[in-house]
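Colleague: For reference, this is start08.txt, and it has compact mmCIF, C-alpha atoms.
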```
# COMPACT_ATOMS: atom_id res chain seq x y z
CA ASN A 240 -2.80 21.64 -14.66
CA ALA A 241 -2.78 17.84 -14.38
CA GLY A 242 -0.41 17.71 -11.39
CA VAL A 243 1.59 14.48 -11.15
CA THR A 244 0.69 11.78 -13.65
CA GLN A 245 1.86 8.18 -13.87
CA THR A 246 1.57 5.53 -16.55
CA PRO A 247 0.64 2.75 -16.71
CA LYS A 248 -1.90 2.29 -13.90
CA PHE A 249 -1.48 -1.47 -13.89
CA GLN A 250 1.24 -3.73 -15.25
CA VAL A 251 2.00 -7.44 -15.13
CA LEU A 252 5.53 -8.59 -15.92
CA LYS A 253 7.30 -11.90 -16.04
CA THR A 254 10.48 -12.42 -14.07
CA GLY A 255 13.44 -11.02 -15.98
CA GLN A 256 11.49 -8.61 -18.14
CA SER A 257 12.33 -4.92 -18.14
CA MET A 258 10.06 -1.93 -18.19
CA THR A 259 9.86 1.77 -17.49
CA LEU A 260 7.32 3.42 -15.22
CA GLN A 261 6.57 6.90 -16.42
CA CYS A 262 6.10 9.95 -14.21
CA ALA A 263 5.46 13.51 -15.31
CA GLN A 264 4.49 16.75 -13.59
CA ASP A 265 3.39 20.05 -15.06
CA MET A 266 3.99 22.23 -12.01
CA ASN A 267 7.63 23.04 -12.81
CA HIS A 268 8.69 21.27 -9.62
CA GLU A 269 12.40 20.74 -9.05
CA TYR A 270 12.13 17.85 -6.62
CA MET A 271 10.79 14.48 -7.74
CA SER A 272 10.92 11.09 -6.12
CA TRP A 273 9.81 7.48 -6.42
CA TYR A 274 8.37 5.39 -3.58
CA ARG A 275 7.18 1.84 -3.36
CA GLN A 276 4.35 0.84 -1.06
CA ASP A 277 4.07 -2.65 0.31
CA PRO A 278 1.51 -3.95 2.83
CA GLY A 279 2.56 -3.20 6.40
CA MET A 280 5.68 -1.33 5.34
CA GLY A 281 4.52 2.16 4.50
CA LEU A 282 6.16 4.07 1.69
CA ARG A 283 9.85 3.57 1.05
CA LEU A 284 11.98 5.92 -1.01
CA ILE A 285 13.63 4.35 -4.07
CA HIS A 286 15.32 7.27 -5.85
CA TYR A 287 14.95 11.01 -5.89
CA SER A 288 16.03 14.02 -7.92
CA VAL A 289 16.54 17.62 -6.85
CA GLY A 290 16.62 18.90 -10.43
CA ALA A 291 17.28 18.01 -14.04
CA GLY A 292 20.48 16.01 -14.37
CA ILE A 293 20.71 15.22 -10.65
CA THR A 294 19.57 11.95 -9.08
CA ASP A 295 20.38 10.11 -5.89
CA GLN A 296 19.51 6.88 -4.13
CA GLY A 297 16.91 6.48 -1.46
CA GLU A 298 16.30 3.68 1.00
CA VAL A 299 15.67 0.80 -1.46
CA PRO A 300 17.42 1.57 -4.78
CA ASN A 301 18.59 -1.91 -5.79
CA GLY A 302 17.06 -3.16 -9.03
CA TYR A 303 15.92 0.29 -10.14
CA ASN A 304 17.45 3.00 -12.31
CA VAL A 305 16.38 6.59 -12.83
CA SER A 306 17.37 9.57 -14.93
CA ARG A 307 16.17 13.18 -15.05
CA SER A 308 16.78 14.74 -18.42
CA THR A 309 13.96 17.29 -18.09
CA THR A 310 12.25 19.07 -15.21
CA GLU A 311 8.92 17.47 -16.13
CA ASP A 312 9.79 13.78 -16.38
CA PHE A 313 11.28 11.26 -13.97
CA PRO A 314 11.04 7.69 -15.30
CA LEU A 315 11.80 4.64 -13.17
CA ARG A 316 13.38 1.66 -14.91
CA LEU A 317 13.27 -1.95 -13.81
CA LEU A 318 16.14 -3.66 -15.56
CA SER A 319 15.28 -7.28 -14.75
CA ALA A 320 12.02 -7.61 -12.85
CA ALA A 321 11.82 -9.90 -9.83
CA PRO A 322 8.77 -11.06 -7.83
CA SER A 323 10.10 -8.99 -4.89
CA GLN A 324 9.39 -5.89 -6.96
CA THR A 325 5.66 -6.57 -6.93
CA SER A 326 4.34 -3.41 -5.32
CA VAL A 327 2.48 -0.16 -5.82
CA TYR A 328 4.77 2.58 -7.06
CA PHE A 329 4.15 6.24 -6.37
CA CYS A 330 5.89 9.16 -7.96
CA ALA A 331 5.90 12.47 -6.09
CA SER A 332 7.03 16.02 -6.66
CA LYS A 333 7.41 19.23 -4.69
CA GLY A 334 7.98 22.76 -5.76
CA GLY A 335 10.75 24.01 -3.56
CA ARG A 336 13.89 22.79 -1.88
CA GLU A 337 12.71 23.51 1.63
CA VAL A 338 12.01 20.42 3.68
CA TRP A 339 8.50 21.67 4.47
CA ASP A 340 7.39 22.24 0.85
CA THR A 341 4.33 20.09 0.21
CA GLN A 342 4.95 16.84 -1.61
CA TYR A 343 2.29 15.83 -4.15
CA PHE A 344 1.83 12.20 -5.12
CA GLY A 345 0.79 10.71 -8.42
CA PRO A 346 -2.04 8.15 -8.68
CA GLY A 347 0.30 5.17 -8.53
CA THR A 348 1.22 2.18 -10.68
CA ARG A 349 0.32 -1.30 -9.46
CA LEU A 350 3.00 -3.71 -10.66
CA THR A 351 2.83 -7.49 -10.45
CA VAL A 352 5.87 -9.61 -11.30
CA LEU A 353 5.14 -13.28 -11.91
CA GLY B 152 19.35 6.98 8.82
CA GLU B 153 16.00 8.01 10.19
CA ASN B 154 13.60 5.41 11.56
CA VAL B 155 9.92 6.17 12.18
CA GLU B 156 7.69 3.87 14.20
CA GLN B 157 3.91 4.25 14.12
CA HIS B 158 1.24 2.86 16.43
CA PRO B 159 -1.33 1.40 16.40
CA SER B 160 -1.43 -0.42 13.09
CA THR B 161 -5.23 -0.58 13.22
CA LEU B 162 -7.68 1.61 15.12
CA SER B 163 -11.44 1.28 15.31
CA VAL B 164 -13.57 4.04 16.84
CA GLN B 165 -17.23 4.91 17.01
CA GLU B 166 -18.45 7.86 15.01
CA GLY B 167 -18.06 11.02 17.06
CA ASP B 168 -15.23 9.65 19.19
CA SER B 169 -11.64 10.87 19.04
CA ALA B 170 -8.75 8.99 17.46
CA VAL B 171 -5.07 9.31 18.29
CA ILE B 172 -2.17 7.93 16.26
CA LYS B 173 1.36 8.08 17.61
CA CYS B 174 4.78 8.11 15.95
CA THR B 175 8.32 8.14 17.23
CA TYR B 176 11.44 9.07 15.30
CA SER B 177 15.08 8.32 15.85
CA ASP B 178 17.06 11.21 14.35
CA SER B 179 17.08 14.33 16.50
CA ALA B 180 18.02 16.38 13.40
CA SER B 181 14.58 15.75 11.86
CA ASN B 182 12.65 19.00 11.80
CA TYR B 183 9.55 18.44 9.68
CA PHE B 184 6.72 16.01 10.39
CA PRO B 185 3.86 15.65 7.90
CA TRP B 186 0.82 13.40 8.10
CA TYR B 187 -0.74 11.81 5.03
CA LYS B 188 -4.16 10.25 4.54
CA GLN B 189 -4.61 7.51 1.98
CA GLU B 190 -8.06 6.28 1.03
CA LEU B 191 -8.42 2.83 -0.48
CA GLY B 192 -6.91 2.71 -3.95
CA LYS B 193 -5.96 6.37 -3.90
CA ARG B 194 -2.77 8.38 -3.55
CA PRO B 195 -1.47 9.69 -0.20
CA GLN B 196 -2.52 13.27 0.47
CA LEU B 197 -1.08 15.69 2.99
CA ILE B 198 -3.56 16.56 5.73
CA ILE B 199 -1.44 18.43 8.26
CA ASP B 200 2.20 19.00 9.09
CA ILE B 201 4.31 20.51 11.84
CA ARG B 202 7.77 21.98 12.02
CA SER B 203 10.15 21.38 14.87
CA ASN B 204 9.86 24.93 16.22
CA VAL B 205 6.15 24.40 16.93
CA GLY B 206 4.65 22.22 19.63
CA GLU B 207 1.10 21.95 18.33
CA LYS B 208 -0.87 22.75 15.21
CA LYS B 209 -4.59 22.49 14.63
CA ASP B 210 -6.78 22.52 11.52
CA GLN B 211 -10.48 22.14 12.25
CA ARG B 212 -10.96 18.57 13.57
CA ILE B 213 -7.36 17.47 13.22
CA ALA B 214 -4.36 18.44 15.28
CA VAL B 215 -0.75 17.36 15.57
CA THR B 216 1.46 17.60 18.63
CA LEU B 217 5.24 17.32 18.75
CA ASN B 218 7.50 16.48 21.67
CA LYS B 219 11.08 17.04 20.49
CA THR B 220 12.62 15.90 23.75
CA ALA B 221 10.90 12.52 23.59
CA LYS B 222 11.10 12.43 19.79
CA HIS B 223 7.46 11.64 19.26
CA PHE B 224 4.53 13.26 17.53
CA SER B 225 0.86 12.44 17.39
CA LEU B 226 -2.19 12.97 15.19
CA HIS B 227 -5.47 13.74 16.91
CA ILE B 228 -8.80 13.55 15.10
CA THR B 229 -11.86 14.73 17.01
CA GLU B 230 -15.52 14.10 16.26
CA THR B 231 -14.64 11.34 13.83
CA GLN B 232 -16.83 10.76 10.80
CA PRO B 233 -17.12 7.78 8.43
CA GLU B 234 -15.17 9.69 5.78
CA ASP B 235 -12.19 9.75 8.15
CA SER B 236 -11.82 6.00 7.54
CA ALA B 237 -8.50 5.58 5.72
CA VAL B 238 -4.85 4.71 6.26
CA TYR B 239 -2.83 7.44 7.93
CA PHE B 240 0.94 7.75 7.57
CA CYS B 241 3.29 9.85 9.62
CA ALA B 242 6.67 10.89 8.24
CA ALA B 243 9.82 12.69 9.27
CA SER B 244 12.32 14.70 7.30
CA GLN B 245 15.28 16.96 7.81
CA ARG B 246 17.06 19.61 5.86
CA GLY B 247 19.82 18.48 3.56
CA GLY B 248 20.38 15.10 1.95
CA GLY B 249 17.60 15.79 -0.51
CA ASN B 250 15.01 16.48 2.21
CA LYS B 251 14.03 12.84 2.12
CA LEU B 252 10.83 11.73 3.83
CA THR B 253 10.89 8.61 6.00
CA PHE B 254 7.43 7.17 6.53
CA GLY B 255 5.87 5.18 9.31
CA THR B 256 4.14 1.90 8.50
CA GLY B 257 0.64 3.33 8.58
CA THR B 258 -2.51 3.13 10.72
CA GLN B 259 -5.76 1.77 9.34
CA LEU B 260 -8.49 3.89 10.94
CA LYS B 261 -12.04 2.61 10.79
CA VAL B 262 -14.87 4.81 11.97
CA GLU B 263 -17.93 2.76 12.73
CA LEU B 264 -21.48 4.05 12.68
```
Could you show the structure in this file as structure tokens?
Modeller:
Amino acid sequence: NAGVTQTPKFQVLKTGQSMTLQCAQDMNHEYMSWYRQDPGMGLRLIHYSVGAGITDQGEVPNGYNVSRSTTEDFPLRLLSAAPSQTSVYFCASKGGREVWDTQYFGPGTRLTVL
Amino acid sequence: GENVEQHPSTLSVQEGDSAVIKCTYSDSASNYFPWYKQELGKRPQLIIDIRSNVGEKKDQRIAVTLNKTAKHFSLHITETQPEDSAVYFCAASQRGGGNKLTFGTGTQLKVEL
């Protein structure tokens, strides 16, 4: 049981390039989400999904796309990277739909956009 | 939407002392308040949480209190140890709307020997 995994761990992009951050979980969790973490700003929700085929926007969705074709995977796509997207990205999942179900975070991806 | 404010941003205590971190929230419909600990370079991990129908919850050296009327909640760490040094985040969530978590901006706790 690997929990929540993310790839890559580190990535450097040039402005305008596109890429996909991968997130997978093997706990059969319905709920998955993406956060970005910037110094002094805590974690901010980008997009989330309550199940396969269902996604919705969080607090800071602009510049990011998501899809959820399977329960296990929830990739985050940057269509045209900008320096403002330099951040640490965390994927998270939780097993149930109750608000108090524990959310588990992945190890993070540190992204730098030049 | 929900807004969570967290204070202080940095906190330095001597080993063995107590530490208190405070958060306020804006949406009275929020009913779940977790606390996460994040060590340097690591992922956030849940350390304790509290639901809105409970005023206080304790787990060994850590405790959380909730004042629904004032819309604030606090994390208390007693007998601090060097391994408590980390960034602590509070968060708030409510049923519906995807059960989204709104995080505070974090508190860097340093426990000095």
Colleague: Show me the residues around (-3.2, 17.5, 19.1) - criterion: an atom at most 10 Å away, only C-alpha atoms counted - as a list in words.
Modeller: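 Answer for this query, in the requested form: Val171, Gly206, Glu207, Lys208, Lys209, Asp210, Arg212, Ile213, Ala214, Val215, Thr216, Leu217, Phe224, Ser225, Leu226, His227, Ile228 and Thr229 of chain B.
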Colleague: Which residues of chain B have any atom within 6 Å of an atom in chain A when counting only C-alpha atoms, and what is the closest pair of atoms for each, with the distance in Å to one decimal? Order the rows by chain and rising number and write it as a tab-separated table.
Modeller:
```
residue	atom	partner	partner_atom	distance
B:Arg194	CA	A:Pro346	CA	5.2
B:Arg246	CA	A:Val338	CA	5.6
B:Asn250	CA	A:Val338	CA	5.2
B:Phe254	CA	A:Leu282	CA	5.9
B:Gly255	CA	A:Gly281	CA	5.8
B:Thr256	CA	A:Gly281	CA	4.0
B:Gly257	CA	A:Gly281	CA	5.8
```
Colleague: So how many Å separate atom CA of Gly152 of chain B and atom CA of Ser177 of chain B, to one decimal?
Modeller: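 Separating atom CA of Gly152 of chain B from atom CA of Ser177 of chain B is a distance of 8.3 Å.
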Colleague: Kindly indicate which residue among B:Ile198, B:Val164, B:Cys174, B:Ala242 lies nearest to Lys222 of chain B, using all atoms listed in the file for the distances.
Modeller: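 When distances to Lys222 of chain B are compared using all atoms listed in the file, the smallest one comes from B:Cys174.
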Colleague: Could you tell me how far atom CA of Glu156 of chain B sits from atom CA of Asp235 of chain B, in Å to one decimal place?
Modeller: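 Computed distance, atom CA of Asp235 of chain B to atom CA of Glu156 of chain B, equals 21.6 Å.
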Colleague: Which neighbours of Thr254 of chain A fall inside 10 Å, counting only C-alpha atoms, when residues of the same chain fewer than 4 positions from it are skipped, and could you give them as an MDAnalysis selection string?
Modeller: chainID A and resid 319:324 351:353
Colleague: Atom CA of Pro195 of chain B and atom CA of Glu166 of chain B are how many Å apart?
Modeller: 22.9 Å
Colleague: Compare B:Ala243, B:Leu264, B:Ile201, B:Ala237 by their minimum atom-to-atom distance to Ser160 of chain B, counting only C-alpha atoms, and give me the closest one.
Modeller: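 Comparing B:Ala243, B:Leu264, B:Ile201, B:Ala237 against Ser160 of chain B, the winner is B:Ala237.
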Colleague: Would you pick out the contacts of Tyr303 of chain A at 9 Å or less, using only C-alpha atoms, so that residues sharing its chain but fewer than 5 positions from it are not included, and give the list as a PyMOL selection string?
Modeller: chain A and resi 285-286+315-319
Colleague: Listed atoms of segment 274-289 of chain A, axis-aligned box, 3 Å per side: centre and edge lengths to one decimal in Å, as JSON?
Modeller:
```
{"center_x": 9.0, "center_y": 6.8, "center_z": -0.8, "size_x": 21.0, "size_y": 27.6, "size_z": 20.3}
```
Colleague: Of the candidates B:Asn218, B:Gln259, B:Gln189, B:Asn154, which one gets nearest to Asn204 of chain B if we count only C-alpha atoms?
Modeller: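 Of B:Asn218, B:Gln259, B:Gln189, B:Asn154, the one nearest Asn204 of chain B is B:Asn218, counting only C-alpha atoms.
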Colleague: Find the residues near Thr220 of chain B: any atom within 12 Å, counting only C-alpha atoms, skip ones fewer than 5 places away on the same chain, and give them as a list in words.
Modeller: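 My reading of the contact set: Thr175, Tyr176, Ser177, Asp178, Ser179, Ala180, Ser203 and Gly206 of chain B.
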Colleague: For Gly292 of chain A, list every protein, DNA or RNA residue within 8 Å, evaluated using only C-alpha atoms, and leave out those in the same chain fewer than 5 positions away; present the list as a list in words.
Modeller: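 Answer for this query is Ser306, Arg307, Ser308 and Thr309 of chain A.
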Colleague: Find the residues around Lys261 of chain B up to 9 Å (only C-alpha atoms counted), leave out those fewer than 3 positions away in its own chain, and share them as a list in words.
Modeller: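 Those residues are Thr161, Leu162, Ser163, Val164, Gln165, Pro233, Asp235, Ser236, Ala237 and Val238 of chain B.
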Colleague: With C-alpha atoms kept, could you save the residues just selected as an mmCIF file, in the frame of the given file?
Modeller:
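The resulting file, selection-v2.cif, is reproduced below:
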```
data_model
loop_
_atom_site.group_PDB
_atom_site.id
_atom_site.type_symbol
_atom_site.label_atom_id
_atom_site.label_comp_id
_atom_site.auth_asym_id
_atom_site.auth_seq_id
_atom_site.Cartn_x
_atom_site.Cartn_y
_atom_site.Cartn_z
ATOM 1 C CA THR B 161 -5.230 -0.580 13.220
ATOM 2 C CA LEU B 162 -7.680 1.610 15.120
ATOM 3 C CA SER B 163 -11.440 1.280 15.310
ATOM 4 C CA VAL B 164 -13.570 4.040 16.840
ATOM 5 C CA GLN B 165 -17.230 4.910 17.010
ATOM 6 C CA PRO B 233 -17.120 7.780 8.430
ATOM 7 C CA ASP B 235 -12.190 9.750 8.150
ATOM 8 C CA SER B 236 -11.820 6.000 7.540
ATOM 9 C CA ALA B 237 -8.500 5.580 5.720
ATOM 10 C CA VAL B 238 -4.850 4.710 6.260
#
```
